Amino acid sequence: MADTELKRTISSAGSQTKWGASAWVKLLGVGTSISQPVYCSSKSDTTGNLRGIFITSDDKIQVGYYDGSYSFQVETNRLLRDPSAFYHLCIEFDSSQSTANDRIKIWVNGVQETSMATNSQPSHNGTYNFFGTDITQLVGSLREGSTICNPCVISHLHVTDGYCYPANSYGETDATTGNWKIKTSPSVSYGTNGFFVLKDDAALTDRSGQGNNLSVGSGTITKTEDCPDNNFTTLNTLQYWGMNGATMSNGNTTIATASAGHRYMTSTLGVNKGKYYAEFKLTVAAAGGNSLVGVTDHECKDGTDELGQDNYSYAYVGGGNDYVRANGSNVLTSMPTYGASDIICVALDADNNKLYFRKNDDAWINSADPTSGSTGTGAVSITNATGFYFFGVGDWHSSSTATWQCNFGNGYFGTTAVSSAGTNASGIGIFEYDVPSGYTALCTKGLNE
């Protein structure tokens, strides 16, 4: 889910002294100076309250209760600043604990946080209205109906009412890799208002057995293949020039470029070997035929650095100026014209340093064959200086904007699912069109193919 508010209205009051939560989150608002709520409680009769778990505008984890003033506020020194990673967040709240620092415990990827920027704990045996009958439970929003919604992906969200559990109830260390991973069916009690949603899908049906289903309050919820067990690339909001003036949405898979300058944004994941496929739908074309899609080995350097302009940068320029630009020179001319609603398919062969393009489900351009290996039939030959290639999208116009919807295998263009998935021998990711044999999605499982 992303840019979406989920909610549930409480009908039977629950505990006012103990609760817990666990969620895997991909924080796509990193670098955008906005708060990112995960799970909150909202009093529907006021807009001034703030209670629950969220990531602050300066990337700290906060558990707080505000209603005109803070009753408690615990905030980590730790910063969550990796937009390409899934973090496991676990919260234990128990005001009955005699030791103050035991009343709120925050865990990240199985490790308890002990260094706090703010540590105003709840009072001993204090009661706090998280589960009252005047409360709406919220996922992805600070307050019911608020325009502040969560630009993040959330998976395996558990909330427990009257119970709280440490992180190892929900996750464990993989014996082979040493990575922290999900326990898909944890043994926990949920209580009156607890629930378990977003388990491997976008269903809001409560899997806890309590029947506490959620509903969509605003926005659109979509299923994505992007999950803690298989982390897909997105566009990277930490790139200053690419992000400067751009608008991101749909889990950082949609970008409306800045109207001033010409810039581009690249994927969070880069590769130095393997073969990868992605699809890019142009929904708003830049004026003058200057929409750009391709690969590069570096991020945008300034406000006039378009994709394909400098060395180690390659772009299919479309909408009237239809050619491939490589290292600042036009290398393939008389390319098919593309515009709004067209999908550009890109196949990147990092093993042989070859790049291929296709418009919609047409033949590969320049009579190319992505499966030709080192022969590179019809390919654009590419090189890099950093050792890695990244997918990229952007525009080449100083006063116009382009909007790109990227399908890196998550199965959607924006909020619209692919119409009929193409064949994909790797079985990784969902694409509109057939994936060339030997290619896969750019994701953690794809990297290990």
# chains A, B, ... in the order shown; residues from 1 in each chain; ligands from 1
call {"tool": "residues_around", "arguments": {"residues": "Gly126 (chain A)", "least_positions_apart": "3", "cutoff": "9 Å", "atoms": "only C-alpha atoms", "output": "VMD selection string"}}
result
chain A and resid 16 to 17 95 to 96 122 to 123
call {"tool": "write_last_selection", "arguments": {"atoms": "N, CA, C and O atoms", "output": "compact mmCIF listing (two decimals), in the first residue's frame"}}
result
# COMPACT_ATOMS: atom_id res chain seq x y z
N GLN A 16 -6.46 -0.03 27.91
CA GLN A 16 -5.93 1.33 27.92
C GLN A 16 -4.50 1.37 28.48
O GLN A 16 -3.92 2.44 28.63
N THR A 17 -3.95 0.18 28.76
CA THR A 17 -2.62 0.13 29.37
C THR A 17 -1.62 -0.74 28.61
O THR A 17 -0.41 -0.62 28.84
N SER A 95 2.12 0.15 30.16
CA SER A 95 2.32 1.18 31.20
C SER A 95 2.37 0.59 32.60
O SER A 95 2.72 1.29 33.56
N SER A 96 2.06 -0.71 32.75
CA SER A 96 2.10 -1.33 34.08
C SER A 96 3.52 -1.66 34.53
O SER A 96 3.75 -1.98 35.71
N PRO A 122 5.36 6.81 29.28
CA PRO A 122 4.05 6.88 29.93
C PRO A 122 4.20 6.80 31.45
O PRO A 122 5.16 6.23 31.96
N SER A 123 3.24 7.36 32.15
CA SER A 123 3.26 7.26 33.61
C SER A 123 2.95 5.82 34.04
O SER A 123 2.31 5.06 33.30
call {"tool": "select_by_dssp", "arguments": {"residues": "region 200-315 of chain A", "states": "strand (DSSP E)", "output": "PyMOL selection string"}}
result
chain A and resi 215-218+247-249+254-256+264-266+275-284+291-296+313-315
call {"tool": "residues_around", "arguments": {"residues": "Tyr323 (chain A)", "least_positions_apart": "2", "cutoff": "6 Å", "atoms": "only C-alpha atoms", "output": "list in words"}}
result
Tyr316, Val317, Leu332, Thr333 and Met335 of chain A
call {"tool": "write_last_selection", "arguments": {"atoms": "all heavy atoms", "output": "PDB file, in the first residue's frame"}}
result
ATOM      1  N   TYR A 316      16.435   6.255 -24.685  1.00  0.00           N
ATOM      2  CA  TYR A 316      15.534   6.256 -25.834  1.00  0.00           C
ATOM      3  C   TYR A 316      14.701   7.524 -25.708  1.00  0.00           C
ATOM      4  O   TYR A 316      13.901   7.689 -24.795  1.00  0.00           O
ATOM      5  CB  TYR A 316      14.677   5.005 -25.781  1.00  0.00           C
ATOM      6  CG  TYR A 316      13.684   4.792 -26.909  1.00  0.00           C
ATOM      7  CD1 TYR A 316      13.565   5.656 -27.995  1.00  0.00           C
ATOM      8  CD2 TYR A 316      12.846   3.672 -26.875  1.00  0.00           C
ATOM      9  CE1 TYR A 316      12.652   5.427 -29.012  1.00  0.00           C
ATOM     10  CE2 TYR A 316      11.932   3.424 -27.889  1.00  0.00           C
ATOM     11  CZ  TYR A 316      11.828   4.312 -28.945  1.00  0.00           C
ATOM     12  OH  TYR A 316      10.921   4.072 -29.947  1.00  0.00           O
ATOM     13  N   VAL A 317      14.918   8.461 -26.643  1.00  0.00           N
ATOM     14  CA  VAL A 317      14.215   9.738 -26.656  1.00  0.00           C
ATOM     15  C   VAL A 317      12.976   9.586 -27.522  1.00  0.00           C
ATOM     16  O   VAL A 317      13.069   9.112 -28.657  1.00  0.00           O
ATOM     17  CB  VAL A 317      15.126  10.849 -27.217  1.00  0.00           C
ATOM     18  CG1 VAL A 317      14.434  12.202 -27.117  1.00  0.00           C
ATOM     19  CG2 VAL A 317      16.457  10.875 -26.478  1.00  0.00           C
ATOM     20  N   LEU A 332      21.219   5.397 -32.552  1.00  0.00           N
ATOM     21  CA  LEU A 332      20.181   4.727 -33.336  1.00  0.00           C
ATOM     22  C   LEU A 332      19.144   5.776 -33.706  1.00  0.00           C
ATOM     23  O   LEU A 332      18.519   6.364 -32.822  1.00  0.00           O
ATOM     24  CB  LEU A 332      19.515   3.601 -32.546  1.00  0.00           C
ATOM     25  CG  LEU A 332      20.284   2.296 -32.344  1.00  0.00           C
ATOM     26  CD1 LEU A 332      19.435   1.307 -31.561  1.00  0.00           C
ATOM     27  CD2 LEU A 332      20.692   1.683 -33.678  1.00  0.00           C
ATOM     28  N   THR A 333      18.961   6.026 -34.984  1.00  0.00           N
ATOM     29  CA  THR A 333      17.990   7.014 -35.434  1.00  0.00           C
ATOM     30  C   THR A 333      16.807   6.297 -36.076  1.00  0.00           C
ATOM     31  O   THR A 333      16.798   5.080 -36.239  1.00  0.00           O
ATOM     32  CB  THR A 333      18.633   7.986 -36.431  1.00  0.00           C
ATOM     33  OG1 THR A 333      19.158   7.237 -37.529  1.00  0.00           O
ATOM     34  CG2 THR A 333      19.770   8.763 -35.764  1.00  0.00           C
ATOM     35  N   MET A 335      13.952   5.712 -34.860  1.00  0.00           N
ATOM     36  CA  MET A 335      13.290   4.808 -33.926  1.00  0.00           C
ATOM     37  C   MET A 335      11.782   5.035 -33.979  1.00  0.00           C
ATOM     38  O   MET A 335      11.312   6.096 -34.380  1.00  0.00           O
ATOM     39  CB  MET A 335      13.805   5.066 -32.508  1.00  0.00           C
ATOM     40  CG  MET A 335      15.290   4.797 -32.317  1.00  0.00           C
ATOM     41  SD  MET A 335      15.646   3.067 -32.049  1.00  0.00           S
ATOM     42  CE  MET A 335      15.140   2.888 -30.335  1.00  0.00           C
TER      43      MET A 335
END
call {"tool": "closest_residue", "arguments": {"among": "A:Val295, A:Leu27, A:Ile135, A:Ile106", "to": "Ile154 (chain A)", "atoms": "only C-alpha atoms"}}
result
A:Leu27
call {"tool": "closest_residue", "arguments": {"among": "A:Gly318, A:Gly209, A:Gly219, A:Gly373", "to": "Gly438 (chain A)", "atoms": "only C-alpha atoms"}}
result
A:Gly373
call {"tool": "atom_distance", "arguments": {"atom1": "CA of Trp241 (chain A)", "atom2": "CA of Thr257 (chain A)"}}
result
10.7 Å
call {"tool": "decode", "arguments": {"residues": "region 360-391 of chain A", "atoms": "N, CA and C atoms", "output": "mmCIF file, in the first residue's frame"}}
result
data_model
loop_
_atom_site.group_PDB
_atom_site.id
_atom_site.type_symbol
_atom_site.label_atom_id
_atom_site.label_comp_id
_atom_site.auth_asym_id
_atom_site.auth_seq_id
_atom_site.Cartn_x
_atom_site.Cartn_y
_atom_site.Cartn_z
ATOM 1 N N ASN A 360 5.705 -1.161 -26.684
ATOM 2 C CA ASN A 360 4.539 -2.010 -26.448
ATOM 3 C C ASN A 360 4.912 -3.472 -26.734
ATOM 4 N N ASP A 361 4.066 -4.183 -27.462
ATOM 5 C CA ASP A 361 4.347 -5.593 -27.720
ATOM 6 C C ASP A 361 4.881 -5.803 -29.141
ATOM 7 N N ASP A 362 5.443 -4.709 -29.701
ATOM 8 C CA ASP A 362 6.028 -4.814 -31.041
ATOM 9 C C ASP A 362 7.312 -5.637 -30.988
ATOM 10 N N ALA A 363 7.894 -5.844 -32.172
ATOM 11 C CA ALA A 363 9.191 -6.511 -32.220
ATOM 12 C C ALA A 363 10.245 -5.631 -31.565
ATOM 13 N N TRP A 364 11.306 -6.247 -31.094
ATOM 14 C CA TRP A 364 12.396 -5.474 -30.516
ATOM 15 C C TRP A 364 12.993 -4.563 -31.597
ATOM 16 N N ILE A 365 13.223 -3.316 -31.212
ATOM 17 C CA ILE A 365 13.637 -2.286 -32.162
ATOM 18 C C ILE A 365 15.017 -2.598 -32.741
ATOM 19 N N ASN A 366 15.193 -2.235 -34.015
ATOM 20 C CA ASN A 366 16.440 -2.463 -34.748
ATOM 21 C C ASN A 366 16.681 -3.950 -34.983
ATOM 22 N N SER A 367 15.540 -4.698 -35.127
ATOM 23 C CA SER A 367 15.612 -6.152 -35.350
ATOM 24 C C SER A 367 16.473 -6.835 -34.296
ATOM 25 N N ALA A 368 16.341 -6.343 -33.065
ATOM 26 C CA ALA A 368 17.212 -6.814 -31.979
ATOM 27 C C ALA A 368 16.755 -8.148 -31.419
ATOM 28 N N ASP A 369 17.690 -8.812 -30.775
ATOM 29 C CA ASP A 369 17.419 -10.086 -30.114
ATOM 30 C C ASP A 369 18.106 -10.082 -28.741
ATOM 31 N N PRO A 370 17.339 -9.815 -27.677
ATOM 32 C CA PRO A 370 17.943 -9.770 -26.342
ATOM 33 C C PRO A 370 18.584 -11.071 -25.891
ATOM 34 N N THR A 371 18.238 -12.178 -26.564
ATOM 35 C CA THR A 371 18.809 -13.477 -26.166
ATOM 36 C C THR A 371 20.093 -13.793 -26.931
ATOM 37 N N SER A 372 20.598 -12.835 -27.719
ATOM 38 C CA SER A 372 21.759 -13.124 -28.576
ATOM 39 C C SER A 372 23.087 -13.082 -27.841
ATOM 40 N N GLY A 373 23.083 -12.744 -26.553
ATOM 41 C CA GLY A 373 24.293 -12.797 -25.742
ATOM 42 C C GLY A 373 25.370 -11.849 -26.214
ATOM 43 N N SER A 374 26.598 -12.333 -26.313
ATOM 44 C CA SER A 374 27.743 -11.481 -26.655
ATOM 45 C C SER A 374 27.662 -10.950 -28.084
ATOM 46 N N THR A 375 26.891 -11.612 -28.941
ATOM 47 C CA THR A 375 26.709 -11.117 -30.311
ATOM 48 C C THR A 375 25.998 -9.769 -30.302
ATOM 49 N N GLY A 376 25.030 -9.607 -29.398
ATOM 50 C CA GLY A 376 24.335 -8.329 -29.248
ATOM 51 C C GLY A 376 23.584 -7.898 -30.485
ATOM 52 N N THR A 377 22.841 -8.805 -31.089
ATOM 53 C CA THR A 377 22.125 -8.493 -32.322
ATOM 54 C C THR A 377 21.162 -7.325 -32.121
ATOM 55 N N GLY A 378 21.380 -6.221 -32.845
ATOM 56 C CA GLY A 378 20.511 -5.048 -32.785
ATOM 57 C C GLY A 378 20.609 -4.246 -31.507
ATOM 58 N N ALA A 379 21.548 -4.554 -30.645
ATOM 59 C CA ALA A 379 21.640 -3.908 -29.336
ATOM 60 C C ALA A 379 22.385 -2.581 -29.403
ATOM 61 N N VAL A 380 22.207 -1.777 -28.364
ATOM 62 C CA VAL A 380 23.071 -0.631 -28.091
ATOM 63 C C VAL A 380 24.171 -1.121 -27.163
ATOM 64 N N SER A 381 25.408 -0.981 -27.556
ATOM 65 C CA SER A 381 26.517 -1.382 -26.691
ATOM 66 C C SER A 381 26.718 -0.336 -25.610
ATOM 67 N N ILE A 382 26.890 -0.775 -24.375
ATOM 68 C CA ILE A 382 26.990 0.136 -23.242
ATOM 69 C C ILE A 382 28.236 -0.166 -22.420
ATOM 70 N N THR A 383 28.692 0.823 -21.688
ATOM 71 C CA THR A 383 29.812 0.655 -20.763
ATOM 72 C C THR A 383 29.495 1.414 -19.488
ATOM 73 N N ASN A 384 30.264 1.163 -18.449
ATOM 74 C CA ASN A 384 30.077 1.909 -17.209
ATOM 75 C C ASN A 384 31.425 2.185 -16.575
ATOM 76 N N ALA A 385 31.438 3.181 -15.695
ATOM 77 C CA ALA A 385 32.650 3.528 -14.961
ATOM 78 C C ALA A 385 32.559 3.124 -13.502
ATOM 79 N N THR A 386 31.334 3.076 -12.970
ATOM 80 C CA THR A 386 31.146 2.758 -11.553
ATOM 81 C C THR A 386 31.071 1.263 -11.302
ATOM 82 N N GLY A 387 30.841 0.491 -12.382
ATOM 83 C CA GLY A 387 30.697 -0.952 -12.232
ATOM 84 C C GLY A 387 29.258 -1.411 -12.195
ATOM 85 N N PHE A 388 28.294 -0.454 -12.164
ATOM 86 C CA PHE A 388 26.886 -0.813 -12.032
ATOM 87 C C PHE A 388 26.035 -0.052 -13.039
ATOM 88 N N TYR A 389 24.927 -0.685 -13.428
ATOM 89 C CA TYR A 389 23.917 -0.047 -14.258
ATOM 90 C C TYR A 389 22.628 0.116 -13.462
ATOM 91 N N PHE A 390 21.918 1.225 -13.719
ATOM 92 C CA PHE A 390 20.633 1.511 -13.099
ATOM 93 C C PHE A 390 19.634 1.870 -14.199
ATOM 94 N N PHE A 391 18.389 1.434 -14.051
ATOM 95 C CA PHE A 391 17.325 1.925 -14.928
ATOM 96 C C PHE A 391 17.074 3.401 -14.612
#
